[in-house]
Amino acid sequence: MAGIGVAEMKARLLAGCDAIIAAEERLTEADRAVGDGDHGLAMARGFRAGRQALEEKPAEAVGDLFRHLGMAILTTSGGASGAVFGTFFMSAAKPLAGAEATAPALAEALRAGVEAVQARGGAAPGDKTMIDAVMPAIAAAEGAGGAAEALQAAAEGAAQGAEATKAMLAKAGKARPLGDRALGHVDPGALSLSLFLAALAEPAGDG
Amino acid sequence: MAGIGVAEMKARLLAGCDAIIAAEERLTEADRAVGDGDHGLAMARGFRAGRQALEEKPAEAVGDLFRHLGMAILTTSGGASGAVFGTFFMSAAKPLAGAEATAPALAEALRAGVEAVQARGGAAPGDKTMIDAVMPAIAAAEGAGGAAEALQAAAEGAAQGAEATKAMLAKAGKARPLGDRALGHVDPGALSLSLFLAALAEPAGDG
Amino acid sequence: MKGKKIINDPERLVPEIIEGLVLAAGGSLAPVPGVNALMRTDMPDEKVGLLIGGGSGHEPMYTAFVGDGLADASVCGNIFAAPTPDIILEATKAVNRGRGVLYVYGNYAGDNMNFDIAAELAAAEGIETRTVRVMDDVAVARHEDRRGIAGAFYQVKVAGAVCREAATLAEAAAAVERARAGLRSVGVAVRAGALPETGEPTFELGDDEIEIGMGAHGEPGVERRASLPSAEELGREMTRLVAEDLPYGSGDRVALLLNNLGASTMMELLIVNRTVRAALGEAGVEVARTDLGPYLTCQEMAGFSLTLMRLDAEIERWLAAPCASPAYSQAG
Amino acid sequence: MKGKKIINDPERLVPEIIEGLVLAAGGSLAPVPGVNALMRTDMPDEKVGLLIGGGSGHEPMYTAFVGDGLADASVCGNIFAAPTPDIILEATKAVNRGRGVLYVYGNYAGDNMNFDIAAELAAAEGIETRTVRVMDDVAVARHEDRRGIAGAFYQVKVAGAVCREAATLAEAAAAVERARAGLRSVGVAVRAGALPETGEPTFELGDDEIEIGMGAHGEPGVERRASLPSAEELGREMTRLVAEDLPYGSGDRVALLLNNLGASTMMELLIVNRTVRAALGEAGVEVARTDLGPYLTCQEMAGFSLTLMRLDAEIERWLAAPCASPAYSQAG
Ligand SMILES: Nc1ncnc2c1ncn2[C@@H]1O[C@H](COP(=O)(O)OP(=O)(O)O)[C@@H](O)[C@H]1O
Ligand SMILES: Nc1ncnc2c1ncn2[C@@H]1O[C@H](COP(=O)(O)OP(=O)(O)O)[C@@H](O)[C@H]1O
Ligand SMILES: [Mg+2]
Ligand SMILES: [Mg+2]
Ligand SMILES: [Mg+2]
Ligand SMILES: [Mg+2]
């Protein structure tokens, strides 16, 4: 039941950033359907800055990585996603104070992140936001034995959660006034979160 | 060598107005190529008003008809064409003071009209304006025996004159700054004048 | 249709907007060092600060409404993206003169969260802030979800006058809230604008379609129509949507704003104004002032919005108070 | 692309524009009875009259620049068509206060002829008139053929201040001529606007093409380019075209106008302003004031124009003089 150390987590987080950057157009498309069409731009901007912070800033604990990533997103993305994902990663940092992240700590981190997002933005599960991708990720991660397994489970949970947002009416963010026209469309932030977790779940190469 | 009386000239002028109104799109197209694309609109507006004036206003002399037509155009067309065609018809009225228009009087009327236009707008023959359709019309009409024949000749001259504007560089009006890009395009006002004269040359039905 | 914009590096739009605006302002505005924000250079020493802002791309709103009698500073997010908390915090510090800072901005999830984070950071540095969001868009049913659209002009104008004379931040916030209570707008989209970074339209609208109630970023509205109605029909419908919402009625005195969303013509707005005035007149609503032009745009989106603000003697005085800014100036 | 405009009867555009504007002006403007023209309601008894106008469809120019310190009346032709002499004559009579009337309008064949006819009719009624045409467009080589574009704003502003203080018509005309001598502009078209009556674009321009020097009705310019250059390249080129024409040079003090031709964004104009200022700065030209926005539009044409007016102390005072109109107001 090995934990994930700073070096490996850094490599995984970098892969997560790359996944977001690569998905820029897809995310923007998703936001054009239900929002104002800038989600990919904002996310790519934020995660590029996050990538740079991860590479440049010293990290002793795994949580330091999450804090650097969150702070970079918060101060460069802008928009709803900057505040949401920035808050999410910065708050997820707290349960990861050690040099290794265990499975329970990772589940705890996701929970701390989503709770902070809820406190910040007032959205609830079912409102068709990235929260709906995080919730099933937490549930899935909680049952996992090892840290890598937890990330794997979280990724699967997030993917299902993102998919499930298609059936939801938007109640938060720029898609809010869409009403039932948002039906059938995935929430852009939920999609981002699931793509990020999917990349995080891939075992890191020799980064 | 019969002259044309008031009733017949009125019918011919009405036909001329109808020809302009019917050519609205073609005239606008021509102006889109070398000017601001409103010539058809302005001419149709003016000649519709001219048509109404011809039908409603009393005319004792042939020249009265031309004066009514010119005044209506001057006060409704607007733009260059309103001033030009309004001035043209109003000034053409003077040599047509009698109840019948003879061939020499018609040639004289065309000349009076074009001289007034030149004085008003400062354009010279060869500047790619309606003047270049009037000039050959005058020359052709001057050789004619009867009034109907004069109109026929004028129409032919105007058609050739309009055609010849294709080879001219614009020096007046909104096409002026076109330089050699105006080459190959007919001058809209010259086209109007030739269409009007062509309809005028048709023997009137029992109008 | 793809966008076709006269720009340089799409990554540097916002700093270049700020640079161009500071130059155009001829000395009355200066950048807030290090962040995408600008402020007046003639800020008095004792004053409740007024900070406005939001995503860029809606110029002149918010960034060009900075100056005496209007905002003290504005913060500029990226195109259509709320500004980040660090920018807001810096600008807050720059305009705080010991009496705290009032935030006025549009009610969008992103703006709310980023300004709220900044407010907490400011509080941690001992700076008091208060927030009165613009939420005038009647196209959204739930009141607390209403977006802030062109009514921002009247709200910023009132806030500017209020913050000039208010003794305390709380007093200023209460006054702006009172004025905001009578502020309602609705928009209509006729054609989409394009995101300058990608050239892509921000939303899809058929060649003949229009959407009544569409938001300033192309957020969906209340009714999509298959064809463009006449100015009279549209003007009546939009007046009805706004007037019935508050409602405005007989004896009310209002300010009327017809805002060009970008590519519509002043000709169209003037033609619509006839109908709006006729409809308001029939309802007994008296128009005390009319503003008409591009106040809050959405790139080159075609369409307009209609705003009414209910007046009383005090609100009318605030609207009429002198002000000077690149976007709007008014004699005393 | 077909136009998509919020209008009613295409035959009644101009009277409806006037009606909407008179309503928006809240009592400061009134129609001239019976013709498509409007005038101020607060016209003083003794004053040189100032009459402006031209084809409609360029709003706010000319029709919305009527008021104290600007024009006394404006005459409105149909869309892009010079007004007819009868309209001009009526408006001339309406604003003549015994000191004669100055005509300021764009140098186009149609306007020249119609105003000249009106001037002769006015003379026959004993009213003296003088004419100072706007002819700022450097895209036309021959000086006397130069079109009047957005520089009209500065010329009307100066004429408004001058006619407010001049004792005689001749004095007023001479002053405006003197200011006009230092006025130059150039435009660039990025996309065509559409004629409201037909929905057809006023000119053809490829999806990627632009045309530098294009006139306000789509009259051809000096250079068509196959692709859109950067704001920096375009701003430099346009500044060069204008600055080299007068020429403006080291030590000159100028007013700078960046005019939105319709559907361009303020964002773009601000970005261009950076470059214009840099280029002028390098040439030693000092910018005393900047105006930026839609002053003379061409329906929803995209593009902008750049205008410089050389200043001396007197011209600067005229530009700075107070004025109030629906399109432009300025405190004293
Ligand atoms: N209150 C909120 N709580 C959680 N997530 C939110 C909230 N508001 C918005 N989001 C997320 O942000 C995403 C939109 O991000 P983005 O398009 O970048 O910002 P904006 O809406 O400001 O344009 C949404 O898809 C949603 O997942
Ligand atoms: N100075 C002039 N003298 C004679 N004809 C002229 C003159 N200026 C313009 N025209 C005629 O007017 C026509 C253009 O008319 P129109 O398009 O209706 O007016 P505008 O140029 O004001 O848009 C030109 O094709 C030309 O024949
Ligand atoms: Mg978005
Ligand atoms: Mg024309
Ligand atoms: Mg956004
Ligand atoms: Mg024209």
# chains A, B, ... in the order shown; residues from 1 in each chain; ligands from 1

call {"tool": "interface_residues", "arguments": {"of": "chain A", "to": "chain C", "cutoff": "10 Å", "atoms": "only C-alpha atoms", "output": "PDB file with N, CA, C and O atoms, in the first residue's frame"}}
result
ATOM      1  N   GLU A  25      -9.004  23.061 -26.876  1.00  0.00           N
ATOM      2  CA  GLU A  25     -10.105  23.267 -27.830  1.00  0.00           C
ATOM      3  C   GLU A  25     -11.377  22.532 -27.440  1.00  0.00           C
ATOM      4  O   GLU A  25     -12.475  23.053 -27.581  1.00  0.00           O
ATOM      5  N   THR A  28     -13.080  24.406 -24.684  1.00  0.00           N
ATOM      6  CA  THR A  28     -13.701  25.625 -25.196  1.00  0.00           C
ATOM      7  C   THR A  28     -14.994  25.291 -25.919  1.00  0.00           C
ATOM      8  O   THR A  28     -16.020  25.948 -25.740  1.00  0.00           O
ATOM      9  N   GLU A  29     -14.943  24.233 -26.720  1.00  0.00           N
ATOM     10  CA  GLU A  29     -16.156  23.765 -27.399  1.00  0.00           C
ATOM     11  C   GLU A  29     -17.260  23.482 -26.398  1.00  0.00           C
ATOM     12  O   GLU A  29     -18.415  23.864 -26.589  1.00  0.00           O
ATOM     13  N   ASP A  31     -17.682  24.716 -23.509  1.00  0.00           N
ATOM     14  CA  ASP A  31     -18.187  25.951 -22.899  1.00  0.00           C
ATOM     15  C   ASP A  31     -19.005  26.768 -23.902  1.00  0.00           C
ATOM     16  O   ASP A  31     -19.892  27.528 -23.507  1.00  0.00           O
ATOM     17  N   ARG A  32     -18.702  26.602 -25.181  1.00  0.00           N
ATOM     18  CA  ARG A  32     -19.506  27.306 -26.185  1.00  0.00           C
ATOM     19  C   ARG A  32     -20.944  26.775 -26.187  1.00  0.00           C
ATOM     20  O   ARG A  32     -21.888  27.498 -26.490  1.00  0.00           O
ATOM     21  N   ALA A  33     -21.084  25.511 -25.818  1.00  0.00           N
ATOM     22  CA  ALA A  33     -22.424  24.921 -25.817  1.00  0.00           C
ATOM     23  C   ALA A  33     -23.247  25.406 -24.622  1.00  0.00           C
ATOM     24  O   ALA A  33     -24.449  25.615 -24.740  1.00  0.00           O
ATOM     25  N   VAL A  34     -22.617  25.594 -23.489  1.00  0.00           N
ATOM     26  CA  VAL A  34     -23.405  25.921 -22.289  1.00  0.00           C
ATOM     27  C   VAL A  34     -22.976  27.221 -21.611  1.00  0.00           C
ATOM     28  O   VAL A  34     -23.652  27.695 -20.707  1.00  0.00           O
ATOM     29  N   GLY A  35     -21.871  27.806 -22.022  1.00  0.00           N
ATOM     30  CA  GLY A  35     -21.384  29.013 -21.348  1.00  0.00           C
ATOM     31  C   GLY A  35     -20.914  30.036 -22.349  1.00  0.00           C
ATOM     32  O   GLY A  35     -21.547  30.245 -23.374  1.00  0.00           O
ATOM     33  N   ASP A  36     -19.784  30.666 -22.087  1.00  0.00           N
ATOM     34  CA  ASP A  36     -19.324  31.760 -22.934  1.00  0.00           C
ATOM     35  C   ASP A  36     -18.102  31.386 -23.774  1.00  0.00           C
ATOM     36  O   ASP A  36     -17.440  32.260 -24.333  1.00  0.00           O
ATOM     37  N   GLY A  37     -17.788  30.095 -23.836  1.00  0.00           N
ATOM     38  CA  GLY A  37     -16.792  29.650 -24.798  1.00  0.00           C
ATOM     39  C   GLY A  37     -15.357  29.984 -24.478  1.00  0.00           C
ATOM     40  O   GLY A  37     -14.517  30.035 -25.376  1.00  0.00           O
ATOM     41  N   ASP A  38     -15.054  30.211 -23.202  1.00  0.00           N
ATOM     42  CA  ASP A  38     -13.671  30.561 -22.883  1.00  0.00           C
ATOM     43  C   ASP A  38     -13.030  29.596 -21.902  1.00  0.00           C
ATOM     44  O   ASP A  38     -11.927  29.849 -21.422  1.00  0.00           O
ATOM     45  N   HIS A  39     -13.696  28.508 -21.590  1.00  0.00           N
ATOM     46  CA  HIS A  39     -13.172  27.632 -20.544  1.00  0.00           C
ATOM     47  C   HIS A  39     -11.800  27.064 -20.908  1.00  0.00           C
ATOM     48  O   HIS A  39     -10.885  27.049 -20.079  1.00  0.00           O
ATOM     49  N   LEU A  41      -9.538  28.295 -22.914  1.00  0.00           N
ATOM     50  CA  LEU A  41      -8.554  29.381 -22.818  1.00  0.00           C
ATOM     51  C   LEU A  41      -8.121  29.606 -21.379  1.00  0.00           C
ATOM     52  O   LEU A  41      -6.924  29.692 -21.074  1.00  0.00           O
ATOM     53  N   ALA A  42      -9.109  29.723 -20.505  1.00  0.00           N
ATOM     54  CA  ALA A  42      -8.803  30.027 -19.104  1.00  0.00           C
ATOM     55  C   ALA A  42      -8.028  28.876 -18.464  1.00  0.00           C
ATOM     56  O   ALA A  42      -7.055  29.093 -17.729  1.00  0.00           O
ATOM     57  N   ARG A  45      -4.456  28.623 -19.837  1.00  0.00           N
ATOM     58  CA  ARG A  45      -3.663  29.706 -19.258  1.00  0.00           C
ATOM     59  C   ARG A  45      -3.260  29.356 -17.824  1.00  0.00           C
ATOM     60  O   ARG A  45      -2.090  29.458 -17.448  1.00  0.00           O
ATOM     61  N   ILE A  73      -2.960  28.839 -10.688  1.00  0.00           N
ATOM     62  CA  ILE A  73      -4.252  28.881 -11.387  1.00  0.00           C
ATOM     63  C   ILE A  73      -5.068  30.063 -10.901  1.00  0.00           C
ATOM     64  O   ILE A  73      -5.648  30.821 -11.697  1.00  0.00           O
ATOM     65  N   LEU A  74      -5.105  30.245  -9.599  1.00  0.00           N
ATOM     66  CA  LEU A  74      -5.918  31.323  -9.014  1.00  0.00           C
ATOM     67  C   LEU A  74      -5.498  32.691  -9.539  1.00  0.00           C
ATOM     68  O   LEU A  74      -6.336  33.574  -9.726  1.00  0.00           O
ATOM     69  N   THR A  75      -4.214  32.872  -9.784  1.00  0.00           N
ATOM     70  CA  THR A  75      -3.732  34.203 -10.173  1.00  0.00           C
ATOM     71  C   THR A  75      -3.514  34.348 -11.683  1.00  0.00           C
ATOM     72  O   THR A  75      -3.059  35.394 -12.127  1.00  0.00           O
ATOM     73  N   THR A  76      -3.825  33.310 -12.459  1.00  0.00           N
ATOM     74  CA  THR A  76      -3.670  33.487 -13.908  1.00  0.00           C
ATOM     75  C   THR A  76      -4.904  33.097 -14.723  1.00  0.00           C
ATOM     76  O   THR A  76      -5.153  33.703 -15.763  1.00  0.00           O
ATOM     77  N   SER A  77      -5.662  32.110 -14.268  1.00  0.00           N
ATOM     78  CA  SER A  77      -6.816  31.675 -15.068  1.00  0.00           C
ATOM     79  C   SER A  77      -7.855  32.764 -15.198  1.00  0.00           C
ATOM     80  O   SER A  77      -8.297  33.111 -16.275  1.00  0.00           O
ATOM     81  N   GLY A  78      -8.277  33.292 -14.068  1.00  0.00           N
ATOM     82  CA  GLY A  78      -9.406  34.211 -14.068  1.00  0.00           C
ATOM     83  C   GLY A  78     -10.694  33.452 -14.287  1.00  0.00           C
ATOM     84  O   GLY A  78     -10.705  32.221 -14.442  1.00  0.00           O
ATOM     85  N   GLY A  79     -11.811  34.197 -14.306  1.00  0.00           N
ATOM     86  CA  GLY A  79     -13.104  33.577 -14.522  1.00  0.00           C
ATOM     87  C   GLY A  79     -13.516  32.692 -13.367  1.00  0.00           C
ATOM     88  O   GLY A  79     -12.870  32.664 -12.318  1.00  0.00           O
ATOM     89  N   ALA A  80     -14.596  31.953 -13.587  1.00  0.00           N
ATOM     90  CA  ALA A  80     -15.060  31.051 -12.541  1.00  0.00           C
ATOM     91  C   ALA A  80     -14.045  29.935 -12.329  1.00  0.00           C
ATOM     92  O   ALA A  80     -13.725  29.570 -11.198  1.00  0.00           O
ATOM     93  N   SER A  81     -13.498  29.421 -13.424  1.00  0.00           N
ATOM     94  CA  SER A  81     -12.628  28.256 -13.282  1.00  0.00           C
ATOM     95  C   SER A  81     -11.355  28.592 -12.513  1.00  0.00           C
ATOM     96  O   SER A  81     -10.833  27.747 -11.786  1.00  0.00           O
ATOM     97  N   GLY A  82     -10.856  29.816 -12.645  1.00  0.00           N
ATOM     98  CA  GLY A  82      -9.659  30.201 -11.897  1.00  0.00           C
ATOM     99  C   GLY A  82      -9.910  30.142 -10.404  1.00  0.00           C
ATOM    100  O   GLY A  82      -9.110  29.567  -9.645  1.00  0.00           O
ATOM    101  N   ALA A  83     -11.036  30.718  -9.996  1.00  0.00           N
ATOM    102  CA  ALA A  83     -11.357  30.709  -8.567  1.00  0.00           C
ATOM    103  C   ALA A  83     -11.652  29.292  -8.100  1.00  0.00           C
ATOM    104  O   ALA A  83     -11.187  28.864  -7.032  1.00  0.00           O
ATOM    105  N   VAL A  84     -12.384  28.543  -8.901  1.00  0.00           N
ATOM    106  CA  VAL A  84     -12.811  27.201  -8.500  1.00  0.00           C
ATOM    107  C   VAL A  84     -11.617  26.242  -8.436  1.00  0.00           C
ATOM    108  O   VAL A  84     -11.371  25.588  -7.420  1.00  0.00           O
ATOM    109  N   THR A  87      -8.953  27.456  -5.862  1.00  0.00           N
ATOM    110  CA  THR A  87      -9.402  27.131  -4.502  1.00  0.00           C
ATOM    111  C   THR A  87      -9.323  25.626  -4.255  1.00  0.00           C
ATOM    112  O   THR A  87      -8.872  25.182  -3.184  1.00  0.00           O
ATOM    113  N   VAL A 117     -14.499  24.639  -2.370  1.00  0.00           N
ATOM    114  CA  VAL A 117     -15.173  25.152  -3.569  1.00  0.00           C
ATOM    115  C   VAL A 117     -16.642  25.438  -3.271  1.00  0.00           C
ATOM    116  O   VAL A 117     -17.185  26.474  -3.673  1.00  0.00           O
ATOM    117  N   ARG A 120     -16.904  28.516  -1.215  1.00  0.00           N
ATOM    118  CA  ARG A 120     -16.574  29.705  -2.006  1.00  0.00           C
ATOM    119  C   ARG A 120     -17.692  30.116  -2.947  1.00  0.00           C
ATOM    120  O   ARG A 120     -18.096  31.275  -2.986  1.00  0.00           O
ATOM    121  N   GLY A 121     -18.192  29.123  -3.691  1.00  0.00           N
ATOM    122  CA  GLY A 121     -19.100  29.495  -4.774  1.00  0.00           C
ATOM    123  C   GLY A 121     -20.570  29.202  -4.500  1.00  0.00           C
ATOM    124  O   GLY A 121     -21.435  29.600  -5.270  1.00  0.00           O
ATOM    125  N   GLY A 122     -20.829  28.482  -3.422  1.00  0.00           N
ATOM    126  CA  GLY A 122     -22.226  28.239  -3.047  1.00  0.00           C
ATOM    127  C   GLY A 122     -22.942  27.197  -3.891  1.00  0.00           C
ATOM    128  O   GLY A 122     -24.146  26.996  -3.742  1.00  0.00           O
ATOM    129  N   ALA A 123     -22.236  26.528  -4.794  1.00  0.00           N
ATOM    130  CA  ALA A 123     -22.903  25.511  -5.607  1.00  0.00           C
ATOM    131  C   ALA A 123     -22.993  24.205  -4.812  1.00  0.00           C
ATOM    132  O   ALA A 123     -22.149  23.914  -3.957  1.00  0.00           O
ATOM    133  N   LYS A 171     -27.202  25.089 -12.595  1.00  0.00           N
ATOM    134  CA  LYS A 171     -27.690  26.011 -11.560  1.00  0.00           C
ATOM    135  C   LYS A 171     -26.610  26.979 -11.098  1.00  0.00           C
ATOM    136  O   LYS A 171     -26.845  27.853 -10.285  1.00  0.00           O
ATOM    137  N   ALA A 172     -25.375  26.822 -11.614  1.00  0.00           N
ATOM    138  CA  ALA A 172     -24.299  27.739 -11.199  1.00  0.00           C
ATOM    139  C   ALA A 172     -23.467  28.126 -12.416  1.00  0.00           C
ATOM    140  O   ALA A 172     -23.452  27.427 -13.420  1.00  0.00           O
ATOM    141  N   GLY A 173     -22.786  29.225 -12.325  1.00  0.00           N
ATOM    142  CA  GLY A 173     -21.884  29.626 -13.397  1.00  0.00           C
ATOM    143  C   GLY A 173     -22.624  30.215 -14.579  1.00  0.00           C
ATOM    144  O   GLY A 173     -23.820  30.483 -14.535  1.00  0.00           O
ATOM    145  N   LYS A 174     -21.884  30.424 -15.671  1.00  0.00           N
ATOM    146  CA  LYS A 174     -22.460  31.112 -16.814  1.00  0.00           C
ATOM    147  C   LYS A 174     -23.499  30.272 -17.535  1.00  0.00           C
ATOM    148  O   LYS A 174     -24.242  30.769 -18.359  1.00  0.00           O
ATOM    149  N   ALA A 175     -23.536  28.949 -17.251  1.00  0.00           N
ATOM    150  CA  ALA A 175     -24.546  28.107 -17.881  1.00  0.00           C
ATOM    151  C   ALA A 175     -25.854  28.171 -17.114  1.00  0.00           C
ATOM    152  O   ALA A 175     -26.867  27.685 -17.572  1.00  0.00           O
ATOM    153  N   ARG A 176     -25.827  28.839 -15.982  1.00  0.00           N
ATOM    154  CA  ARG A 176     -26.975  28.837 -15.086  1.00  0.00           C
ATOM    155  C   ARG A 176     -28.299  29.199 -15.762  1.00  0.00           C
ATOM    156  O   ARG A 176     -29.285  28.483 -15.597  1.00  0.00           O
ATOM    157  N   PRO A 177     -28.334  30.258 -16.537  1.00  0.00           N
ATOM    158  CA  PRO A 177     -29.644  30.635 -17.065  1.00  0.00           C
ATOM    159  C   PRO A 177     -30.071  29.789 -18.258  1.00  0.00           C
ATOM    160  O   PRO A 177     -31.084  30.058 -18.867  1.00  0.00           O
ATOM    161  N   LEU A 178     -29.310  28.781 -18.607  1.00  0.00           N
ATOM    162  CA  LEU A 178     -29.635  27.963 -19.768  1.00  0.00           C
ATOM    163  C   LEU A 178     -30.903  27.149 -19.561  1.00  0.00           C
ATOM    164  O   LEU A 178     -31.569  26.791 -20.520  1.00  0.00           O
ATOM    165  N   GLY A 179     -31.168  26.810 -18.309  1.00  0.00           N
ATOM    166  CA  GLY A 179     -32.304  25.940 -18.062  1.00  0.00           C
ATOM    167  C   GLY A 179     -32.121  24.626 -18.787  1.00  0.00           C
ATOM    168  O   GLY A 179     -31.006  24.108 -18.880  1.00  0.00           O
ATOM    169  N   ARG A 181     -31.880  23.882 -21.751  1.00  0.00           N
ATOM    170  CA  ARG A 181     -31.058  23.817 -22.964  1.00  0.00           C
ATOM    171  C   ARG A 181     -29.682  23.264 -22.681  1.00  0.00           C
ATOM    172  O   ARG A 181     -28.952  22.891 -23.580  1.00  0.00           O
ATOM    173  N   ALA A 182     -29.290  23.241 -21.399  1.00  0.00           N
ATOM    174  CA  ALA A 182     -27.990  22.671 -21.040  1.00  0.00           C
ATOM    175  C   ALA A 182     -28.042  21.146 -21.044  1.00  0.00           C
ATOM    176  O   ALA A 182     -27.010  20.477 -21.053  1.00  0.00           O
TER     177      ALA A 182
END

call {"tool": "interface_residues", "arguments": {"of": "chain C", "to": "chain D", "cutoff": "8 Å", "atoms": "only C-alpha atoms", "output": "ChimeraX atom specification"}}
result
/C:4-8,13,16-21,23-26,57,59-60,190,208,228-232,262-268,270-274,277,288-292,299-300,329-332

call {"tool": "residues_around", "arguments": {"residues": "B:Gly157", "least_positions_apart": "2", "cutoff": "6 Å", "atoms": "only C-alpha atoms", "output": "list in words"}}
result
Pro136, Ala137, Ala140, Ala154, Ala155, Ala159 and Gln160 of chain B

call {"tool": "write_last_selection", "arguments": {"atoms": "all heavy atoms", "output": "PDB file, in the first residue's frame"}}
result
ATOM      1  N   PRO B 136     -23.076  62.669 -76.785  1.00  0.00           N
ATOM      2  CA  PRO B 136     -23.366  62.012 -78.070  1.00  0.00           C
ATOM      3  C   PRO B 136     -24.860  62.008 -78.396  1.00  0.00           C
ATOM      4  O   PRO B 136     -25.232  61.967 -79.573  1.00  0.00           O
ATOM      5  CB  PRO B 136     -22.829  60.586 -77.888  1.00  0.00           C
ATOM      6  CG  PRO B 136     -22.514  60.438 -76.443  1.00  0.00           C
ATOM      7  CD  PRO B 136     -22.424  61.776 -75.826  1.00  0.00           C
ATOM      8  N   ALA B 137     -25.710  62.075 -77.380  1.00  0.00           N
ATOM      9  CA  ALA B 137     -27.155  62.141 -77.644  1.00  0.00           C
ATOM     10  C   ALA B 137     -27.484  63.450 -78.347  1.00  0.00           C
ATOM     11  O   ALA B 137     -28.275  63.479 -79.301  1.00  0.00           O
ATOM     12  CB  ALA B 137     -27.937  62.023 -76.330  1.00  0.00           C
ATOM     13  N   ALA B 140     -26.246  63.366 -81.968  1.00  0.00           N
ATOM     14  CA  ALA B 140     -27.098  62.523 -82.820  1.00  0.00           C
ATOM     15  C   ALA B 140     -28.436  63.203 -83.092  1.00  0.00           C
ATOM     16  O   ALA B 140     -28.935  63.187 -84.223  1.00  0.00           O
ATOM     17  CB  ALA B 140     -27.323  61.166 -82.146  1.00  0.00           C
ATOM     18  N   ALA B 154     -31.140  60.299 -80.289  1.00  0.00           N
ATOM     19  CA  ALA B 154     -30.563  60.633 -78.993  1.00  0.00           C
ATOM     20  C   ALA B 154     -30.367  59.373 -78.157  1.00  0.00           C
ATOM     21  O   ALA B 154     -29.344  59.194 -77.494  1.00  0.00           O
ATOM     22  CB  ALA B 154     -31.463  61.626 -78.259  1.00  0.00           C
ATOM     23  N   ALA B 155     -31.352  58.487 -78.219  1.00  0.00           N
ATOM     24  CA  ALA B 155     -31.267  57.250 -77.447  1.00  0.00           C
ATOM     25  C   ALA B 155     -30.071  56.425 -77.889  1.00  0.00           C
ATOM     26  O   ALA B 155     -29.316  55.885 -77.052  1.00  0.00           O
ATOM     27  CB  ALA B 155     -32.562  56.446 -77.604  1.00  0.00           C
ATOM     28  N   ALA B 159     -26.768  55.589 -75.665  1.00  0.00           N
ATOM     29  CA  ALA B 159     -26.351  54.213 -75.391  1.00  0.00           C
ATOM     30  C   ALA B 159     -24.878  54.035 -75.701  1.00  0.00           C
ATOM     31  O   ALA B 159     -24.124  53.420 -74.918  1.00  0.00           O
ATOM     32  CB  ALA B 159     -27.197  53.247 -76.228  1.00  0.00           C
ATOM     33  N   GLN B 160     -24.452  54.607 -76.837  1.00  0.00           N
ATOM     34  CA  GLN B 160     -23.024  54.514 -77.178  1.00  0.00           C
ATOM     35  C   GLN B 160     -22.179  55.288 -76.169  1.00  0.00           C
ATOM     36  O   GLN B 160     -21.107  54.847 -75.754  1.00  0.00           O
ATOM     37  CB  GLN B 160     -22.788  55.070 -78.581  1.00  0.00           C
ATOM     38  CG  GLN B 160     -23.203  54.105 -79.693  1.00  0.00           C
ATOM     39  CD  GLN B 160     -23.486  54.824 -81.012  1.00  0.00           C
ATOM     40  OE1 GLN B 160     -22.956  55.921 -81.246  1.00  0.00           O
ATOM     41  NE2 GLN B 160     -24.305  54.232 -81.854  1.00  0.00           N
TER      42      GLN B 160
END

call {"tool": "residues_around", "arguments": {"residues": "A:Ala44", "least_positions_apart": "6", "cutoff": "9 Å", "atoms": "only C-alpha atoms", "output": "PyMOL selection string"}}
result
chain A and resi 17-18+20-24+77

call {"tool": "select_by_dssp", "arguments": {"residues": "stretch 90-291 of chain D", "states": "strand (DSSP E or B)", "output": "PyMOL selection string"}}
result
chain D and resi 101-106+129-131+134+137+183-191+194+201+210-212+223-225+253-260+262+286-291

call {"tool": "residues_around", "arguments": {"residues": "A:Ala61", "least_positions_apart": "2", "cutoff": "12 Å", "atoms": "only C-alpha atoms", "output": "PyMOL selection string"}}
result
chain A and resi 4-10+57-59+63-68+93-101

call {"tool": "select_by_dssp", "arguments": {"residues": "stretch 93-281 of chain C", "states": "alpha helix (DSSP H)", "output": "JSON, numbers by chain"}}
result
{"C": [93, 94, 95, 109, 110, 111, 112, 113, 114, 115, 116, 117, 118, 119, 120, 121, 122, 123, 124, 152, 153, 154, 155, 156, 157, 158, 159, 160, 161, 162, 163, 164, 165, 169, 170, 171, 172, 173, 174, 175, 176, 177, 178, 179, 180, 231, 232, 233, 234, 235, 236, 237, 238, 239, 240, 241, 242, 243, 244, 245, 266, 267, 268, 269, 270, 271, 272, 273, 274, 275, 276, 277, 278, 279, 280, 281]}
